[in-house]
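Asker: So here's my_file03.csv, just CSV, C-alpha atoms and all ligand atoms:
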chain,number,residue,atom,x,y,z
A,1,MET,CA,94.5,65.6,179.5
A,2,ASP,CA,97.9,67.2,179.6
A,3,PRO,CA,97.7,70.7,181.2
A,4,VAL,CA,101.0,71.8,179.7
A,5,ARG,CA,100.2,70.8,176.1
A,6,TYR,CA,96.7,72.1,176.6
A,7,ALA,CA,97.9,75.6,177.5
A,8,ALA,CA,100.2,75.7,174.6
A,9,SER,CA,97.9,74.4,171.9
A,10,ARG,CA,94.2,74.7,173.0
A,11,ASN,CA,93.4,77.4,170.4
A,12,HIS,CA,94.5,75.3,167.5
A,13,LEU,CA,92.0,72.9,165.8
A,14,ASP,CA,94.6,70.1,166.2
A,15,GLY,CA,95.5,71.2,169.7
A,16,ALA,CA,95.5,69.0,172.8
A,17,VAL,CA,92.0,69.7,174.0
A,18,SER,CA,90.3,67.1,176.2
A,19,GLY,CA,87.1,66.3,174.3
A,20,LEU,CA,85.4,65.9,177.7
A,21,SER,CA,82.5,68.2,177.3
A,22,PRO,CA,79.8,65.7,176.4
A,23,TYR,CA,80.8,63.5,179.4
A,24,ILE,CA,80.8,66.5,181.7
A,25,ARG,CA,77.5,67.7,180.3
A,26,HIS,CA,75.7,64.4,180.9
A,27,GLY,CA,77.2,63.6,184.3
A,28,VAL,CA,79.5,60.8,183.3
A,29,VAL,CA,82.3,62.6,185.1
A,30,THR,CA,81.8,65.6,187.4
A,31,LEU,CA,83.6,68.9,187.1
A,32,ALA,CA,85.2,68.2,190.5
A,33,GLN,CA,86.6,64.9,189.3
A,34,VAL,CA,88.1,66.5,186.3
A,35,ARG,CA,89.5,69.4,188.4
A,36,ASP,CA,91.2,67.0,190.8
A,37,THR,CA,92.8,65.0,188.0
A,38,VAL,CA,94.1,68.1,186.3
A,39,GLN,CA,95.5,69.4,189.6
A,40,ARG,CA,97.3,66.1,190.2
A,41,ARG,CA,98.8,66.2,186.8
A,42,MET,CA,99.9,69.9,187.3
A,43,THR,CA,102.0,68.9,190.3
A,44,ARG,CA,103.9,66.0,188.5
A,45,GLY,CA,106.6,68.1,186.8
A,46,PRO,CA,109.4,70.1,188.4
A,47,GLY,CA,108.2,73.6,187.6
A,48,PRO,CA,105.0,75.7,187.7
A,49,VAL,CA,102.3,74.7,185.2
A,50,SER,CA,99.8,77.0,183.4
A,51,GLU,CA,96.4,77.0,185.0
A,52,LYS,CA,94.6,77.4,181.7
A,53,LEU,CA,92.8,74.1,181.8
A,54,LEU,CA,91.6,74.8,185.4
A,55,GLN,CA,90.4,78.3,184.2
A,56,GLU,CA,88.3,76.8,181.4
A,57,LEU,CA,86.7,74.4,183.9
A,58,ALA,CA,86.0,77.4,186.1
A,59,TRP,CA,84.2,79.1,183.1
A,60,ARG,CA,81.9,76.2,182.9
A,61,ASP,CA,81.2,76.4,186.7
A,62,TYR,CA,80.6,80.1,186.4
A,63,TRP,CA,78.1,79.8,183.5
A,64,GLN,CA,76.2,77.1,185.5
A,65,ARG,CA,76.0,79.4,188.6
A,66,LEU,CA,74.9,82.3,186.5
A,67,ARG,CA,72.2,80.3,184.8
A,68,ARG,CA,70.8,79.2,188.2
A,69,ARG,CA,70.5,82.9,189.1
A,70,LEU,CA,69.1,84.1,185.7
A,71,GLY,CA,66.8,81.2,184.8
A,72,ASP,CA,65.2,81.8,181.4
A,73,ARG,CA,66.7,85.3,181.2
A,74,ILE,CA,69.7,83.6,179.6
A,75,TRP,CA,67.6,83.8,176.5
A,76,ASP,CA,67.5,87.7,176.7
A,77,ASN,CA,70.3,90.1,176.0
A,78,LEU,CA,71.9,90.6,179.4
A,79,GLU,CA,73.3,94.0,178.2
A,80,PRO,CA,72.8,96.2,175.2
A,81,LEU,CA,74.7,95.1,172.1
A,82,LYS,CA,77.9,97.1,171.5
A,83,THR,CA,77.8,96.8,167.7
A,84,GLY,CA,76.0,100.1,167.0
A,85,HIS,CA,73.0,98.2,165.5
A,86,PRO,CA,69.6,98.0,167.1
A,87,GLU,CA,68.2,94.6,167.9
A,88,GLU,CA,65.7,95.0,165.2
A,89,ALA,CA,68.5,95.0,162.6
A,90,TYR,CA,69.1,91.3,163.3
A,91,ALA,CA,67.1,88.6,161.6
A,92,ARG,CA,65.1,86.3,163.8
A,93,GLU,CA,65.8,83.1,161.9
A,94,LEU,CA,68.9,81.3,160.8
A,95,PRO,CA,69.2,81.5,157.0
A,96,ALA,CA,68.9,78.1,155.3
A,97,ASP,CA,72.3,78.3,153.5
A,98,ILE,CA,74.0,78.4,156.9
A,99,ARG,CA,71.9,75.7,158.4
A,100,GLU,CA,72.5,73.4,155.5
A,101,GLY,CA,76.2,74.1,155.1
A,102,ARG,CA,76.0,75.7,151.7
A,103,SER,CA,77.0,79.3,152.3
A,104,GLY,CA,79.8,78.8,149.7
A,105,LEU,CA,82.5,79.5,152.3
A,106,ALA,CA,84.6,76.4,152.8
A,107,CYS,CA,85.3,77.1,156.5
A,108,ILE,CA,81.7,78.0,157.5
A,109,ASP,CA,80.2,75.1,155.6
A,110,ALA,CA,82.7,72.6,157.1
A,111,PHE,CA,81.8,73.8,160.6
A,112,ALA,CA,78.1,73.6,159.9
A,113,ARG,CA,78.4,70.1,158.5
A,114,GLN,CA,80.6,68.9,161.3
A,115,LEU,CA,78.1,70.3,163.8
A,116,ILE,CA,75.3,68.4,162.2
A,117,ASP,CA,77.2,65.2,161.4
A,118,THR,CA,79.2,64.8,164.6
A,119,GLY,CA,77.6,67.0,167.3
A,120,TRP,CA,81.0,68.4,168.3
A,121,LEU,CA,83.0,71.5,167.4
A,122,HIS,CA,86.3,72.8,168.8
A,123,ASN,CA,85.9,76.0,170.8
A,124,HIS,CA,87.5,78.1,168.1
A,125,GLU,CA,85.1,76.7,165.5
A,126,ARG,CA,82.2,77.6,167.7
A,127,MET,CA,83.5,81.2,168.1
A,128,TRP,CA,84.1,81.6,164.3
A,129,LEU,CA,80.7,80.1,163.4
A,130,ALA,CA,78.9,82.2,166.0
A,131,ALA,CA,80.7,85.4,164.9
A,132,TYR,CA,79.8,84.7,161.2
A,133,VAL,CA,76.1,84.2,162.1
A,134,VAL,CA,75.8,87.3,164.3
A,135,HIS,CA,78.1,89.8,162.7
A,136,TRP,CA,78.5,88.9,159.1
A,137,ARG,CA,75.0,87.7,158.5
A,138,ARG,CA,73.4,89.9,161.2
A,139,VAL,CA,71.2,87.2,162.7
A,140,ARG,CA,70.1,87.2,166.4
A,141,TRP,CA,72.3,85.2,168.6
A,142,GLN,CA,69.3,83.3,169.9
A,143,ALA,CA,68.7,81.7,166.5
A,144,GLY,CA,72.3,80.4,166.4
A,145,ALA,CA,72.1,79.3,170.0
A,146,ARG,CA,69.0,77.2,169.3
A,147,TRP,CA,70.7,75.7,166.3
A,148,PHE,CA,73.7,74.7,168.3
A,149,LEU,CA,71.6,73.2,171.1
A,150,ARG,CA,69.7,71.1,168.6
A,151,HIS,CA,73.0,69.4,167.5
A,152,LEU,CA,75.7,69.6,170.1
A,153,LEU,CA,76.4,66.5,172.1
A,154,ASP,CA,77.5,68.8,174.9
A,155,GLY,CA,74.6,71.2,174.3
A,156,ASP,CA,74.1,73.1,177.5
A,157,PRO,CA,72.0,76.3,177.7
A,158,ALA,CA,74.3,77.9,180.2
A,159,SER,CA,77.7,77.4,178.4
A,160,ASN,CA,76.0,77.8,175.0
A,161,ASN,CA,73.8,80.9,175.4
A,162,LEU,CA,76.3,82.8,177.5
A,163,SER,CA,79.1,82.1,175.0
A,164,TRP,CA,76.8,83.3,172.2
A,165,GLN,CA,76.1,86.4,174.2
A,166,TRP,CA,79.8,86.9,174.7
A,167,VAL,CA,80.4,86.7,170.9
A,168,ALA,CA,77.4,89.0,170.2
A,169,SER,CA,78.5,91.6,172.8
A,170,SER,CA,75.4,91.4,175.0
A,171,PHE,CA,77.6,89.9,177.7
A,172,SER,CA,81.0,91.4,176.9
A,173,SER,CA,82.5,94.8,176.4
A,174,LYS,CA,82.9,94.4,172.7
A,175,PRO,CA,81.8,92.0,169.9
A,176,TYR,CA,84.1,89.0,169.1
A,177,LEU,CA,85.5,89.2,165.6
A,178,PHE,CA,88.0,87.1,163.6
A,179,ASN,CA,89.7,87.5,160.3
A,180,ARG,CA,91.3,85.2,157.7
A,181,ALA,CA,94.7,85.5,159.3
A,182,ASN,CA,93.3,84.2,162.6
A,183,LEU,CA,91.5,81.4,160.8
A,184,GLU,CA,94.6,80.4,159.0
A,185,ARG,CA,96.8,80.6,162.1
A,186,PHE,CA,94.6,78.4,164.2
A,187,GLY,CA,92.7,76.4,161.6
A,188,ALA,CA,95.4,73.7,160.9
A,189,GLY,CA,95.4,74.8,157.2
A,190,ARG,CA,92.2,72.9,156.6
A,191,HIS,CA,89.8,75.4,155.0
A,192,CYS,CA,91.3,78.2,152.9
A,193,PRO,CA,93.1,76.1,150.3
A,194,GLY,CA,90.5,75.3,147.6
A,195,CYS,CA,87.8,77.5,149.1
A,196,PRO,CA,85.5,78.6,146.3
A,197,ALA,CA,85.2,82.0,147.8
A,198,ALA,CA,88.9,82.5,148.4
A,199,ALA,CA,89.1,85.5,145.9
A,200,ALA,CA,86.3,87.3,147.7
A,201,CYS,CA,86.8,86.0,151.3
A,202,PRO,CA,84.7,88.1,153.6
A,203,PHE,CA,87.2,87.5,156.4
A,204,GLU,CA,90.2,88.8,154.5
A,205,ALA,CA,90.9,92.2,156.1
A,206,SER,CA,92.4,93.8,159.2
A,207,TYR,CA,90.3,94.0,162.4
A,208,GLU,CA,90.0,97.8,161.9
A,209,VAL,CA,88.5,97.4,158.4
A,210,LEU,CA,86.2,94.6,159.5
A,211,GLN,CA,84.9,96.7,162.4
A,212,GLY,CA,84.2,99.6,159.9
A,213,ARG,CA,82.3,97.2,157.6
A,214,LEU,CA,80.3,95.3,160.2
A,215,PHE,CA,79.5,97.7,162.9
A,216,ALA,CA,78.0,101.2,163.2
A,217,GLY,CA,78.9,104.4,165.0
A,218,GLU,CA,81.6,104.2,167.7
A,219,ALA,CA,81.7,100.4,167.4
A,220,SER,CA,82.9,100.7,163.8
A,221,GLY,CA,86.0,102.6,165.0
A,222,GLU,CA,84.6,105.9,163.6
A,223,THR,CA,85.6,108.9,165.8
A,224,THR,CA,83.3,111.6,164.5
B,301,LIG,C1,79.3,79.8,170.7
B,301,LIG,C2,79.7,78.8,171.8
B,301,LIG,C3,78.8,77.8,172.2
B,301,LIG,C4,79.3,76.9,173.2
B,301,LIG,N1,78.4,75.9,173.6
B,301,LIG,C5,78.7,75.0,174.5
B,301,LIG,C6,77.8,74.0,175.0
B,301,LIG,O1,76.6,74.0,174.6
B,301,LIG,N2,78.2,73.2,176.0
B,301,LIG,C7,79.5,73.2,176.5
B,301,LIG,O2,79.9,72.4,177.3
B,301,LIG,N3,80.4,74.1,176.0
B,301,LIG,C8,80.1,75.1,175.1
B,301,LIG,N4,81.0,76.0,174.7
B,301,LIG,C9,82.3,76.1,175.4
B,301,LIG,C10,83.4,75.3,174.7
B,301,LIG,O3,83.5,75.6,173.3
B,301,LIG,C11,83.3,73.8,174.9
B,301,LIG,O4,83.1,73.5,176.3
B,301,LIG,C12,84.6,73.1,174.5
B,301,LIG,O5,85.0,73.4,173.2
B,301,LIG,C13,84.5,71.6,174.7
B,301,LIG,O6,85.6,70.9,174.2
B,301,LIG,P1,86.6,70.2,175.2
B,301,LIG,O7,85.8,69.3,176.1
B,301,LIG,O8,87.7,69.6,174.4
B,301,LIG,O9,87.1,71.4,176.0
B,301,LIG,P2,88.5,71.7,176.7
B,301,LIG,O10,89.1,72.9,176.1
B,301,LIG,O11,89.3,70.4,176.8
B,301,LIG,O12,88.1,72.1,178.2
B,301,LIG,C14,87.8,71.2,179.3
B,301,LIG,C15,86.4,71.5,179.8
B,301,LIG,O13,86.3,72.8,180.3
B,301,LIG,C16,85.0,73.4,179.9
B,301,LIG,N5,85.2,74.5,179.0
B,301,LIG,C17,86.2,74.7,178.1
B,301,LIG,N6,86.1,75.8,177.5
B,301,LIG,C18,85.0,76.4,177.9
B,301,LIG,C19,84.3,77.6,177.7
B,301,LIG,N7,84.8,78.5,176.8
B,301,LIG,N8,83.1,77.9,178.3
B,301,LIG,C20,82.7,77.0,179.3
B,301,LIG,N9,83.3,75.9,179.6
B,301,LIG,C21,84.4,75.6,178.9
B,301,LIG,C22,84.2,72.3,179.3
B,301,LIG,O14,83.4,71.6,180.2
B,301,LIG,C23,85.3,71.4,178.7
B,301,LIG,O15,84.9,70.0,178.5
B,301,LIG,C24,80.6,76.9,173.7
B,301,LIG,C25,81.5,77.9,173.2
B,301,LIG,C26,81.0,78.8,172.3
B,301,LIG,C27,82.0,79.9,171.8
Go ahead and express the file in the form of C-alpha cells.
Ligand SMILES: Cc1cc2nc3c(=O)[nH]c(=O)nc-3n(C[C@H](O)[C@H](O)[C@H](O)COP(=O)(O)OP(=O)(O)OC[C@H]3O[C@@H](n4cnc5c(N)ncnc54)[C@H](O)[C@@H]3O)c2cc1C
Answerer:
Amino acid sequence: MDPVRYAASRNHLDGAVSGLSPYIRHGVVTLAQVRDTVQRRMTRGPGPVSEKLLQELAWRDYWQRLRRRLGDRIWDNLEPLKTGHPEEAYARELPADIREGRSGLACIDAFARQLIDTGWLHNHERMWLAAYVVHWRRVRWQAGARWFLRHLLDGDPASNNLSWQWVASSFSSKPYLFNRANLERFGAGRHCPGCPAAAACPFEASYEVLQGRLFAGEASGETT
C-alpha cells in the first residue's frame, strides 16, 4: 500500500491498488487498522501526500453507516433515475449472454469471466460492467447487484448496492457512462485489440452521442 502510487494510478487496471477488500470485508483487518497504516505511510516523505486512499476507505465507512440506517431499503431506488426512462423500461433479469460471458464484446466478456473465475474485479471494471448492464442493456441495477454479490469475494451489500445505485443514477445526480477512449486509457490495452466487435463497438462515441443514444428527454442532452 503506497498512498503516492495509489493516488497516481488507482484508475488504471494495472495501477497500485491494495487488493485489500476481501480481507476488510471478512474482518481479517479492520478499516481502522488500514487507515492507521495508510496515515503512517503518508507522513514518511518530505512533502504532503494525496489523501485519495484515505478517501476511498471513507467511502466504505460511509456506505456501511448508510446501510445501517436504510436496512433493506438499499435494494430500492433511493432517488428517481435520471436517465429519462421509467423503471418499467428496465428488464428484471440479467440476460444469459452477460451472465455467461458471451456478449461478443471482448471487454465485457473478460470482466464477466474474471468475476466468475476469480471473484475479484478492479473498481473501474466494476463501473464499466455495471454501466453496460444498466445503460446499454437496460437491466435493473438490482439484477446486476445480485449477480456481483453471488461471485465477489468482497461482496458486501452496502458497498455493492450503493455503488450500483451510483452508476444507475438512483443515488447520484447523473448516470455513470464510459466510452471506448476511457476504456482504452485505463484498460491497460487488454481488451480492444482483437475484439470481435471492434468494428461495431457500442462504446465508440463521444459522451454527448452516447447520452443521446442511451437516455431520453433532458438526460439525453436534448434541449427541446
Ligand atoms: C458496481 C460496484 C460494485 C462494488 N461492490 C463492492 C463490494 O461488493 N464490496 C466492496 O468492498 N467494494 C465494492 N465496490 C467498491 C470498490 O470497487 C472495491 O472496494 C475495490 O475495487 C476493491 O479493491 P481494492 O481493495 O484494491 O481497493 P483500493 O482501491 O485499494 O481501496 C482500499 C479499500 O478502500 C475501500 N474502497 C475503495 N474504493 C471504494 C469504493 N468505490 N467504494 C467503497 N469502498 C471502497 C475498500 O474497502 C478497499 O479495499 C464496488 C464498486 C462498484 C463500482
Asker: Return the single residue from A:Val133, A:Ala216, A:Val209, A:Leu149 that is closest to ligand LIG 301 (chain B), with distances computed using all atoms listed in the file.
Answerer: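 Of the candidates, the smallest distance to ligand LIG 301 (chain B) is held by A:Leu149.
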Asker: For ligand LIG 301 (chain B), which of A:His85, A:Arg60, A:Arg138, A:Arg35 is the closest residue, counting only C-alpha atoms and all ligand atoms?
Answerer: A:Arg60
Asker: Nearest to ligand LIG 301 (chain B): which of A:Val29, A:Met42, A:Leu105, A:Cys192 is it, counting only C-alpha atoms and all ligand atoms?
Answerer: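 Nearest candidate to ligand LIG 301 (chain B) out of A:Val29, A:Met42, A:Leu105, A:Cys192: A:Val29.
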Asker: Please extract the residues at most 8 Å from ligand LIG 301 (chain B), counting all atoms listed in the file, and provide them as a ChimeraX atom specification, using the chain letters and residue numbers of this document.
Answerer: /A:1,6,10,16-25,31,53-61,63,120-130,145,148-149,152-164,166-167
Asker: Counting all atoms listed in the file, figure out which residue out of A:Asp72, A:His135, A:Leu115, A:Arg180 gets nearest to Ala200 of chain A.
Answerer: A:Arg180
Asker: When you look at segment 106-108 of chain A with a cut-off of 10 Å (counting all atoms listed in the file), what residues show up, excluding the ones that are within fewer than 6 positions of it in the same chain? I need them as a list in words.
Answerer: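 Once the adjacent positions are removed, what remains is Ile98, Gln114, Glu125, Trp128, Leu129, Ala130, Tyr132, Val133, Leu183, Gly187, Arg190, His191, Cys192, Pro193, Gly194, Cys195, Pro196, Ala197, Ala198 and Cys201 of chain A.
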Asker: Which neighbours of Arg40 of chain A fall inside 12 Å, counting all atoms listed in the file, when residues of the same chain fewer than 2 positions from it are skipped, and could you give them as a list in words?
Answerer: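 Surrounding residues, per the criterion: Met1, Asp2, Pro3, Gln33, Val34, Arg35, Asp36, Thr37, Val38, Met42, Thr43, Arg44, Gly45, Val49 and Leu54 of chain A.
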Asker: Between A:Gln142, A:Gln39, A:Ser50, A:Gln64, which has the minimum distance to Tyr90 of chain A (counting only C-alpha atoms)?
Answerer: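 Of all the options, A:Gln142 lies closest to Tyr90 of chain A.
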Asker: So the first atom is atom CA of Ser172 of chain A and the second is atom CA of Ala110 of chain A; what is the distance between them in Å, to one decimal place?
Answerer: 27.4 Å
Asker: One number please: atom CA of Ser173 of chain A to atom CA of Pro86 of chain A, in Å, one decimal.
Answerer: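 Distance reported for this atom pair: 16.2 Å.
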Asker: Tell me which of A:Arg65, A:Thr30, A:Ala143, A:Ile74 sits closest to Arg99 of chain A, counting all atoms listed in the file.
Answerer: A:Ala143
Asker: What does the structure give for the distance between atom CA of Ala205 of chain A and atom CA of Glu218 of chain A, in Å to one decimal?
Answerer: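 Going from atom CA of Ala205 of chain A over to atom CA of Glu218 of chain A covers 19.1 Å.
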Asker: Once you've located segment 136-159 of chain A in the structure I gave, write it as an mmCIF file, in the first residue's frame, keeping N, CA and C atoms.
Answerer:
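Result file follows (part20.cif):
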data_model
loop_
_atom_site.group_PDB
_atom_site.id
_atom_site.type_symbol
_atom_site.label_atom_id
_atom_site.label_comp_id
_atom_site.auth_asym_id
_atom_site.auth_seq_id
_atom_site.Cartn_x
_atom_site.Cartn_y
_atom_site.Cartn_z
ATOM 1 N N TRP A 136 -26.560 0.202 -21.296
ATOM 2 C CA TRP A 136 -26.579 -0.320 -22.674
ATOM 3 C C TRP A 136 -27.625 -1.421 -22.834
ATOM 4 N N ARG A 137 -27.762 -2.256 -21.792
ATOM 5 C CA ARG A 137 -28.693 -3.375 -21.907
ATOM 6 C C ARG A 137 -30.024 -3.105 -21.207
ATOM 7 N N ARG A 138 -30.096 -1.997 -20.545
ATOM 8 C CA ARG A 138 -31.290 -1.548 -19.811
ATOM 9 C C ARG A 138 -31.864 -2.648 -18.907
ATOM 10 N N VAL A 139 -31.036 -3.053 -17.985
ATOM 11 C CA VAL A 139 -31.405 -4.067 -16.988
ATOM 12 C C VAL A 139 -31.419 -3.372 -15.632
ATOM 13 N N ARG A 140 -32.360 -3.728 -14.773
ATOM 14 C CA ARG A 140 -32.413 -3.115 -13.434
ATOM 15 C C ARG A 140 -31.116 -3.357 -12.673
ATOM 16 N N TRP A 141 -30.664 -2.330 -11.973
ATOM 17 C CA TRP A 141 -29.379 -2.466 -11.269
ATOM 18 C C TRP A 141 -29.435 -3.591 -10.250
ATOM 19 N N GLN A 142 -30.626 -3.862 -9.717
ATOM 20 C CA GLN A 142 -30.729 -4.902 -8.678
ATOM 21 C C GLN A 142 -30.306 -6.274 -9.222
ATOM 22 N N ALA A 143 -30.597 -6.527 -10.508
ATOM 23 C CA ALA A 143 -30.222 -7.828 -11.095
ATOM 24 C C ALA A 143 -28.697 -7.931 -11.169
ATOM 25 N N GLY A 144 -28.053 -6.841 -11.558
ATOM 26 C CA GLY A 144 -26.591 -6.832 -11.606
ATOM 27 C C GLY A 144 -25.988 -6.931 -10.215
ATOM 28 N N ALA A 145 -26.597 -6.235 -9.270
ATOM 29 C CA ALA A 145 -26.069 -6.254 -7.895
ATOM 30 C C ALA A 145 -26.150 -7.671 -7.306
ATOM 31 N N ARG A 146 -27.238 -8.366 -7.587
ATOM 32 C CA ARG A 146 -27.368 -9.754 -7.083
ATOM 33 C C ARG A 146 -26.283 -10.639 -7.689
ATOM 34 N N TRP A 147 -26.049 -10.446 -8.986
ATOM 35 C CA TRP A 147 -25.016 -11.224 -9.701
ATOM 36 C C TRP A 147 -23.648 -10.990 -9.074
ATOM 37 N N PHE A 148 -23.282 -9.723 -8.848
ATOM 38 C CA PHE A 148 -21.991 -9.403 -8.228
ATOM 39 C C PHE A 148 -21.891 -10.054 -6.845
ATOM 40 N N LEU A 149 -22.947 -9.935 -6.056
ATOM 41 C CA LEU A 149 -22.884 -10.454 -4.681
ATOM 42 C C LEU A 149 -22.700 -11.973 -4.663
ATOM 43 N N ARG A 150 -23.212 -12.619 -5.699
ATOM 44 C CA ARG A 150 -23.073 -14.077 -5.766
ATOM 45 C C ARG A 150 -21.604 -14.464 -5.963
ATOM 46 N N HIS A 151 -20.816 -13.620 -6.633
ATOM 47 C CA HIS A 151 -19.463 -14.021 -7.026
ATOM 48 C C HIS A 151 -18.322 -13.291 -6.315
ATOM 49 N N LEU A 152 -18.541 -12.030 -5.915
ATOM 50 C CA LEU A 152 -17.409 -11.247 -5.387
ATOM 51 C C LEU A 152 -16.904 -11.783 -4.046
ATOM 52 N N LEU A 153 -15.591 -11.918 -3.912
ATOM 53 C CA LEU A 153 -15.008 -12.324 -2.627
ATOM 54 C C LEU A 153 -15.217 -11.233 -1.574
ATOM 55 N N ASP A 154 -15.295 -9.987 -2.041
ATOM 56 C CA ASP A 154 -15.536 -8.887 -1.111
ATOM 57 C C ASP A 154 -17.011 -8.478 -1.102
ATOM 58 N N GLY A 155 -17.862 -9.321 -1.673
ATOM 59 C CA GLY A 155 -19.281 -8.983 -1.854
ATOM 60 C C GLY A 155 -19.913 -8.445 -0.569
ATOM 61 N N ASP A 156 -20.381 -7.225 -0.651
ATOM 62 C CA ASP A 156 -20.885 -6.546 0.535
ATOM 63 C C ASP A 156 -22.080 -5.697 0.104
ATOM 64 N N PRO A 157 -23.275 -5.980 0.641
ATOM 65 C CA PRO A 157 -24.473 -5.289 0.152
ATOM 66 C C PRO A 157 -24.375 -3.770 0.222
ATOM 67 N N ALA A 158 -23.676 -3.227 1.202
ATOM 68 C CA ALA A 158 -23.598 -1.766 1.308
ATOM 69 C C ALA A 158 -22.769 -1.184 0.161
ATOM 70 N N SER A 159 -21.486 -1.588 0.066
ATOM 71 C CA SER A 159 -20.617 -1.043 -0.993
ATOM 72 C C SER A 159 -21.157 -1.400 -2.370
#
